[in-house]
Structure formats: structure tokens, C-alpha cells
>>> print(open('structure_19.txt').read())   # compact mmCIF, C-alpha atoms
# COMPACT_ATOMS: atom_id res chain seq x y z
CA MET Z 1 37.13 1.47 71.28
CA LEU Z 2 35.75 -1.44 73.29
CA LEU Z 3 32.58 -0.72 75.29
CA LEU Z 4 32.04 -3.26 78.08
CA PHE Z 5 28.55 -3.24 79.59
CA ASP Z 6 27.22 -4.59 82.84
CA ILE Z 7 23.74 -6.17 82.61
CA ASP Z 8 21.62 -5.95 85.79
CA GLY Z 9 20.67 -2.38 86.60
CA THR Z 10 22.53 -1.09 83.54
CA LEU Z 11 20.86 -2.64 80.51
CA SER Z 12 17.89 -4.35 82.16
CA THR Z 13 16.16 -5.03 85.43
CA GLY Z 14 13.79 -7.59 86.93
CA GLY Z 15 13.22 -11.16 85.86
CA PRO Z 16 13.29 -14.41 87.86
CA ALA Z 17 17.05 -14.72 88.45
CA ARG Z 18 16.92 -14.48 92.25
CA THR Z 19 14.28 -17.22 92.42
CA ALA Z 20 16.33 -19.42 90.09
CA PHE Z 21 19.46 -18.73 92.13
CA ARG Z 22 17.71 -19.70 95.37
CA LEU Z 23 16.39 -22.95 93.93
CA ALA Z 24 19.80 -23.85 92.50
CA MET Z 25 21.51 -23.13 95.84
CA GLU Z 26 18.98 -25.26 97.74
CA ALA Z 27 19.24 -28.14 95.26
CA THR Z 28 23.06 -28.08 95.25
CA PHE Z 29 24.01 -27.17 98.82
CA GLY Z 30 20.82 -27.71 100.81
CA THR Z 31 20.59 -24.00 101.68
CA ALA Z 32 20.45 -20.61 100.02
CA GLY Z 33 21.40 -18.78 103.20
CA PRO Z 34 19.76 -15.38 103.79
CA ILE Z 35 19.23 -14.78 100.08
CA ASP Z 36 16.09 -12.66 100.43
CA ARG Z 37 18.04 -9.86 102.11
CA HIS Z 38 21.39 -10.43 100.41
CA ASP Z 39 22.97 -7.64 98.38
CA PHE Z 40 23.84 -8.88 94.87
CA ALA Z 41 24.76 -5.43 93.49
CA GLY Z 42 27.97 -5.36 91.51
CA LYS Z 43 29.10 -8.83 92.66
CA THR Z 44 29.83 -11.93 90.66
CA ASP Z 45 27.41 -14.82 91.03
CA THR Z 46 30.28 -17.01 92.23
CA ARG Z 47 31.20 -14.50 94.94
CA THR Z 48 27.53 -14.38 95.99
CA MET Z 49 27.43 -18.18 96.24
CA GLY Z 50 30.34 -18.10 98.69
CA GLU Z 51 28.83 -15.27 100.72
CA LEU Z 52 25.50 -17.06 101.06
CA LEU Z 53 27.16 -20.30 102.12
CA ALA Z 54 29.26 -18.47 104.70
CA ALA Z 55 26.20 -16.64 106.04
CA ALA Z 56 24.53 -20.03 106.49
CA GLY Z 57 27.51 -21.26 108.51
CA ARG Z 58 28.81 -23.44 105.71
CA ASP Z 59 32.18 -23.77 103.98
CA PRO Z 60 32.12 -20.93 101.39
CA THR Z 61 33.88 -23.06 98.78
CA TRP Z 62 32.60 -25.81 96.52
CA THR Z 63 33.81 -28.71 94.43
CA ALA Z 64 33.87 -28.77 90.64
CA PRO Z 65 30.94 -31.24 90.52
CA GLU Z 66 28.93 -28.95 92.83
CA MET Z 67 29.58 -26.03 90.51
CA VAL Z 68 28.39 -28.07 87.54
CA ARG Z 69 25.21 -29.06 89.41
CA PHE Z 70 24.55 -25.48 90.50
CA ARG Z 71 25.07 -24.09 87.01
CA GLU Z 72 22.83 -26.71 85.38
CA ARG Z 73 20.04 -26.21 87.92
CA TYR Z 74 20.28 -22.41 87.75
CA GLU Z 75 20.13 -22.42 83.96
CA THR Z 76 17.16 -24.81 83.99
CA GLU Z 77 15.20 -22.81 86.57
CA LEU Z 78 15.93 -19.47 84.89
CA ALA Z 79 15.02 -20.76 81.43
CA ALA Z 80 11.76 -22.21 82.77
CA ARG Z 81 10.64 -18.88 84.24
CA ILE Z 82 12.02 -16.09 82.12
CA GLY Z 83 9.43 -16.45 79.34
CA ALA Z 84 6.63 -15.61 81.76
CA GLN Z 85 8.72 -13.10 83.70
CA PRO Z 86 11.04 -11.44 81.17
CA VAL Z 87 13.57 -8.83 82.13
CA THR Z 88 12.66 -5.20 81.52
CA VAL Z 89 14.98 -3.29 79.21
CA LEU Z 90 15.77 0.13 80.67
CA PRO Z 91 14.69 3.27 78.79
CA GLY Z 92 16.85 4.21 75.82
CA VAL Z 93 18.92 1.03 75.87
CA HIS Z 94 17.73 -0.52 72.59
CA TRP Z 95 18.16 2.74 70.69
CA LEU Z 96 21.59 3.35 72.21
CA ILE Z 97 22.90 -0.14 71.51
CA ASP Z 98 21.58 0.04 67.94
CA ARG Z 99 23.49 3.29 67.40
CA LEU Z 100 26.69 1.96 68.94
CA ALA Z 101 26.54 -1.32 67.01
CA ALA Z 102 26.20 0.58 63.72
CA ARG Z 103 29.63 2.19 64.14
CA ASP Z 104 32.64 0.35 62.78
CA ASP Z 105 35.01 2.10 65.18
CA LEU Z 106 33.24 0.65 68.23
CA HIS Z 107 33.17 -2.89 69.58
CA LEU Z 108 30.60 -4.07 72.12
CA GLY Z 109 31.12 -6.58 74.89
CA LEU Z 110 30.07 -7.46 78.42
CA VAL Z 111 31.67 -7.38 81.85
CA THR Z 112 29.07 -8.83 84.19
CA GLY Z 113 28.89 -10.77 87.42
CA ASN Z 114 26.33 -13.10 85.87
CA LEU Z 115 27.27 -16.65 85.01
CA ASP Z 116 27.58 -16.86 81.24
CA CYS Z 117 24.39 -18.93 80.98
CA GLY Z 118 22.47 -16.35 83.03
CA ALA Z 119 23.78 -13.48 80.91
CA ARG Z 120 22.71 -15.30 77.74
CA LEU Z 121 19.19 -16.00 78.99
CA LYS Z 122 18.64 -12.50 80.36
CA LEU Z 123 19.89 -10.72 77.25
CA THR Z 124 18.07 -13.11 74.92
CA SER Z 125 14.91 -12.19 76.84
CA ALA Z 126 15.82 -8.53 76.30
CA ARG Z 127 16.56 -9.07 72.57
CA LEU Z 128 20.14 -7.88 73.14
CA TRP Z 129 22.30 -10.99 73.33
CA HIS Z 130 23.28 -10.88 69.64
CA ARG Z 131 24.74 -7.39 70.11
CA PHE Z 132 27.61 -8.59 72.32
CA PRO Z 133 30.05 -10.93 70.57
CA ILE Z 134 32.34 -11.24 73.59
CA GLY Z 135 32.12 -10.96 77.34
CA ALA Z 136 33.62 -11.80 80.70
CA PHE Z 137 31.34 -13.38 83.29
CA GLY Z 138 31.04 -14.38 86.91
CA SER Z 139 31.69 -17.94 85.80
CA ASP Z 140 35.17 -16.85 84.68
CA HIS Z 141 36.27 -15.62 88.11
CA ALA Z 142 34.73 -14.71 91.45
CA CYS Z 143 36.76 -11.48 91.54
CA ARG Z 144 35.04 -8.89 89.39
CA ASN Z 145 38.20 -6.77 89.12
CA LEU Z 146 39.79 -9.48 86.98
CA LEU Z 147 36.96 -9.62 84.44
CA PRO Z 148 37.91 -6.61 82.23
CA GLY Z 149 41.25 -8.29 81.52
CA VAL Z 150 39.42 -11.44 80.44
CA ALA Z 151 37.19 -9.35 78.17
CA LEU Z 152 40.21 -7.63 76.59
CA GLU Z 153 41.78 -10.98 75.78
CA ARG Z 154 38.55 -12.31 74.26
CA ALA Z 155 38.08 -9.12 72.25
CA ALA Z 156 41.60 -9.42 70.85
CA SER Z 157 40.93 -13.03 69.85
CA HIS Z 158 37.53 -12.26 68.34
CA TRP Z 159 38.44 -9.15 66.35
CA LYS Z 160 42.03 -10.22 65.57
CA ARG Z 161 43.58 -7.02 66.89
CA PRO Z 162 45.08 -5.95 70.21
CA PHE Z 163 43.01 -4.10 72.80
CA HIS Z 164 44.73 -2.18 75.57
CA PRO Z 165 43.02 -1.13 78.80
CA ARG Z 166 42.80 2.50 77.67
CA ASP Z 167 40.96 1.31 74.57
CA ALA Z 168 38.13 0.11 76.85
CA VAL Z 169 35.25 1.78 78.67
CA VAL Z 170 33.50 -0.17 81.45
CA ILE Z 171 29.85 0.83 81.86
CA GLY Z 172 27.84 -0.09 84.95
CA ASP Z 173 25.50 1.09 87.67
CA THR Z 174 27.42 0.33 90.88
CA PRO Z 175 30.65 1.47 92.56
CA ARG Z 176 31.96 -2.09 92.04
CA ASP Z 177 31.59 -1.64 88.27
CA VAL Z 178 33.63 1.55 88.52
CA GLU Z 179 36.20 -0.17 90.73
CA CYS Z 180 36.71 -3.07 88.33
CA GLY Z 181 37.19 -0.73 85.38
CA LYS Z 182 39.68 1.42 87.26
CA ALA Z 183 41.55 -1.64 88.55
CA ALA Z 184 42.04 -2.75 84.94
CA GLY Z 185 43.16 0.67 83.74
CA ALA Z 186 40.01 1.20 81.67
CA ARG Z 187 37.87 4.31 81.57
CA THR Z 188 34.51 4.19 83.32
CA VAL Z 189 30.98 5.46 82.74
CA ALA Z 190 28.47 4.95 85.54
CA VAL Z 191 24.71 5.17 85.10
CA ALA Z 192 22.38 5.82 88.05
CA THR Z 193 19.73 3.32 86.95
CA GLY Z 194 20.36 0.98 89.89
CA ARG Z 195 20.20 1.88 93.56
CA PHE Z 196 23.22 4.19 93.63
CA THR Z 197 22.89 7.96 93.20
CA PRO Z 198 24.93 10.08 90.81
CA SER Z 199 26.79 11.50 93.81
CA GLU Z 200 27.75 8.03 95.02
CA LEU Z 201 28.93 7.05 91.55
CA HIS Z 202 30.98 10.25 91.24
CA ALA Z 203 32.50 9.52 94.66
CA ALA Z 204 33.46 6.04 93.43
CA GLY Z 205 35.64 7.71 90.81
CA ALA Z 206 33.65 7.23 87.61
CA ASP Z 207 35.03 9.26 84.71
CA ARG Z 208 31.50 10.12 83.58
CA VAL Z 209 28.11 9.69 85.30
CA LEU Z 210 24.70 9.56 83.64
CA ARG Z 211 21.31 9.53 85.33
CA ASP Z 212 20.06 7.03 82.75
CA PHE Z 213 20.12 6.24 79.03
CA ALA Z 214 16.76 7.91 78.31
CA ASP Z 215 18.54 10.95 76.82
CA THR Z 216 20.17 8.81 74.20
CA GLU Z 217 22.14 11.58 72.52
CA ALA Z 218 23.70 12.55 75.85
CA ALA Z 219 24.45 8.88 76.54
CA LEU Z 220 26.05 8.46 73.13
CA GLU Z 221 28.28 11.48 73.74
CA ALA Z 222 29.25 10.29 77.22
CA LEU Z 223 30.22 6.84 75.97
CA THR Z 224 32.13 7.95 72.89
CA GLY Z 225 32.70 11.70 72.63
CA ALA Z 226 34.31 11.99 76.05
CA PHE Z 227 36.89 9.37 75.16
CA PRO Z 228 38.29 10.06 71.69
CA ASN Z 229 40.01 7.20 69.95
CA PRO Z 230 43.71 7.54 70.85
CA HIS Z 231 44.69 5.96 67.52
CA CYS Z 232 42.73 8.49 65.46
CA PRO Z 233 44.43 11.85 64.70
CA ALA Z 234 42.90 14.98 66.24
CA GLY Z 235 40.18 16.44 64.13
CA ARG Z 236 39.44 13.13 62.43
CA GLN Z 237 37.40 11.32 65.05
CA PRO Z 238 34.67 9.07 63.60
CA SER Z 239 31.28 10.73 63.50
CA SER Z 240 28.32 9.28 65.36
>>> encode(input="structure_19.txt", output="C-alpha cells")
Amino acid sequence: MLLLFDIDGTLSTGGPARTAFRLAMEATFGTAGPIDRHDFAGKTDTRTMGELLAAAGRDPTWTAPEMVRFRERYETELAARIGAQPVTVLPGVHWLIDRLAARDDLHLGLVTGNLDCGARLKLTSARLWHRFPIGAFGSDHACRNLLPGVALERAASHWKRPFHPRDAVVIGDTPRDVECGKAAGARTVAVATGRFTPSELHAAGADRVLRDFADTEAALEALTGAFPNPHCPAGRQPSS
């Protein structure tokens, strides 16, 4: 089974990413648009860039050199600030990831709207980056619904075995996380650690909904016990 985690609002919260994003937008495009009131939840960073440019009355596209400049400036600004303003790991996350990583029938990865450099810096700050050998990021595509497919391909390459959509569980805290998992044919677990309620996440169609990861045994069961390995005969599921 391949477990694909979102980052912001799911594994961690806080940090200086919005400040770094604003500074990178201003340095690259001369404006960050209405960033202080912009909704980032569940979106890719590249989609957010286009939305902010459009809101500022600008062309919502960019050239390849502009993307390089934005990425370099964002990474520099985030790296300069995150030591003094680290992300906060949400309750139960370290214990849960430790338990999942110890199982040889589970594989951990990321599906996140963050640029890959942002994901690396945030999860390094959280002491979690080394737990996720593969991932799909906002730098891969602006459309989040395409990212689980990218993650499946990278997982197959990394672990030298095929992964099908029903082998995967997408875990996130927004309806857009649920949507992207469902669009890919993966199963979905939503956690109400962001700004969306359990009822809203149920309404989005999540297969399972958790309030948080603080009850780590319940979280472990929701992520694994609810979705038995289809390649393992009944009665012989790996123990946790």
C-alpha cells in the first residue's frame, strides 16, 4: 500500500512560507496581488501564483525564466526564515509516521501543492523529510488532480514494482485533497486538522475522516485497517 500525505494542515502547520511566497512574487513579478487574504488551502503553489497575478490584473502565466527566478527566490527566503520560525508538527504525527515507516508492507510518499523545494524545507524543519522517499509536488503540475498519478509513477520507479491507483491512499485536510485522490482512483482519508470540519470532509466524499492524528491507534487503523491489501489473502493481512 502506498500512503500519500499532504503537508500543510495535515502533517504540520505554520512557518514562514507565506512571507517567502510574497517576497518571491514581488521580486519576480513586481506584485504579490492580494496575498494576505488569498486562500491557499488545497491548491498547488503554481496555481496560486496564477491566481494572485490574475487578481492583480496581470497575465496569470509566466515564462520559464520567471519560474526559475521565483523558485530560487522563494527557496532562499524560506530557507533564511524557517530556522527562526519552524513549522509546528501536528499532534501524533511523528509517532504515526514512525509506526507506518516500520512496516514493510507500507510505502510512504507525498502529494502536496508545495513546490518540491518548499516541501523539502518544511519537512526538514519538521524532522520528517527523510520519511518520504517519493512525492509529487506543485512544481510538477498546477493541477492537483494530476499529482497522484505522478506519485504512482515515481513510486513504481523507486520501489521497482507497479502501483495501481487502488494501491494508494491520499491523506489530506481539505476537500481538494479528497478530490485529487478520487480523481486518480485512489482511496482517501481526510483529517480535520485544517480549517474544514469533519462534516465538510465527509461531504467531499472522503472514504474515512479523522478529527486529528492525536489518537494514533485510531489513525493507524483508519489509514491501514480500513483498506486491506488487495494482494494479501483474507485472514493474512500484515499486523500493525
>>> closest_residue(input="structure_19.txt", among="Z:Ala203, Z:Val170, Z:Leu223, Z:Ala24", to="Z:Ala186", atoms="all atoms listed in the file")
Z:Val170
>>> atom_distance(input="structure_19.txt", atom1="atom CA of Z:Gly172", atom2="atom CA of Z:Gly42")
8.4 Å
>>> residues_around(input="structure_19.txt", residues="Z:Val191", least_positions_apart="3", cutoff="6 Å", atoms="only C-alpha atoms", output="list in words")
Asp173, Val209, Leu210, Arg211 and Asp212 of chain Z
>>> closest_residue(input="structure_19.txt", among="Z:Ala222, Z:Ala64, Z:Arg18, Z:Ala41", to="Z:Arg144", atoms="all atoms listed in the file")
Z:Ala41
>>> closest_residue(input="structure_19.txt", among="Z:Lys182, Z:Arg37, Z:His94, Z:His164", to="Z:Ala214", atoms="all atoms listed in the file")
Z:His94
>>> closest_residue(input="structure_19.txt", among="Z:Ile97, Z:Leu2, Z:Val89, Z:Leu147", to="Z:Gly109", atoms="all atoms listed in the file")
Z:Leu2
>>> residues_around(input="structure_19.txt", residues="stretch 51-57 of chain Z", least_positions_apart="2", cutoff="12 Å", atoms="only C-alpha atoms", output="list of chain:residue names")
Z:Phe21, Z:Arg22, Z:Met25, Z:Glu26, Z:Thr28, Z:Phe29, Z:Gly30, Z:Thr31, Z:Ala32, Z:Gly33, Z:Pro34, Z:Ile35, Z:Asp36, Z:Arg37, Z:His38, Z:Asp39, Z:Phe40, Z:Lys43, Z:Thr44, Z:Asp45, Z:Thr46, Z:Arg47, Z:Thr48, Z:Met49, Z:Asp59, Z:Pro60, Z:Thr61, Z:Trp62, Z:Ala142
>>> residues_around(input="structure_19.txt", residues="Z:Arg71", least_positions_apart="3", cutoff="10 Å", atoms="all atoms listed in the file", output="NGL selection string")
:Z and (21 or 24-25 or 28 or 65-68 or 74-77 or 115-118 or 139)
>>> atom_distance(input="structure_19.txt", atom1="atom CA of Z:Ala136", atom2="atom CA of Z:Val169")
13.8 Å
>>> atom_distance(input="structure_19.txt", atom1="atom CA of Z:Gly14", atom2="atom CA of Z:Val87")
5.0 Å
>>> residues_around(input="structure_19.txt", residues="Z:Thr216", least_positions_apart="4", cutoff="9 Å", atoms="all atoms listed in the file", output="PyMOL selection string")
chain Z and resi 92-93+95-96+212+220-221
>>> closest_residue(input="structure_19.txt", among="Z:Arg176, Z:Arg69, Z:Arg166, Z:Arg208", to="Z:Cys143", atoms="all atoms listed in the file")
Z:Arg176
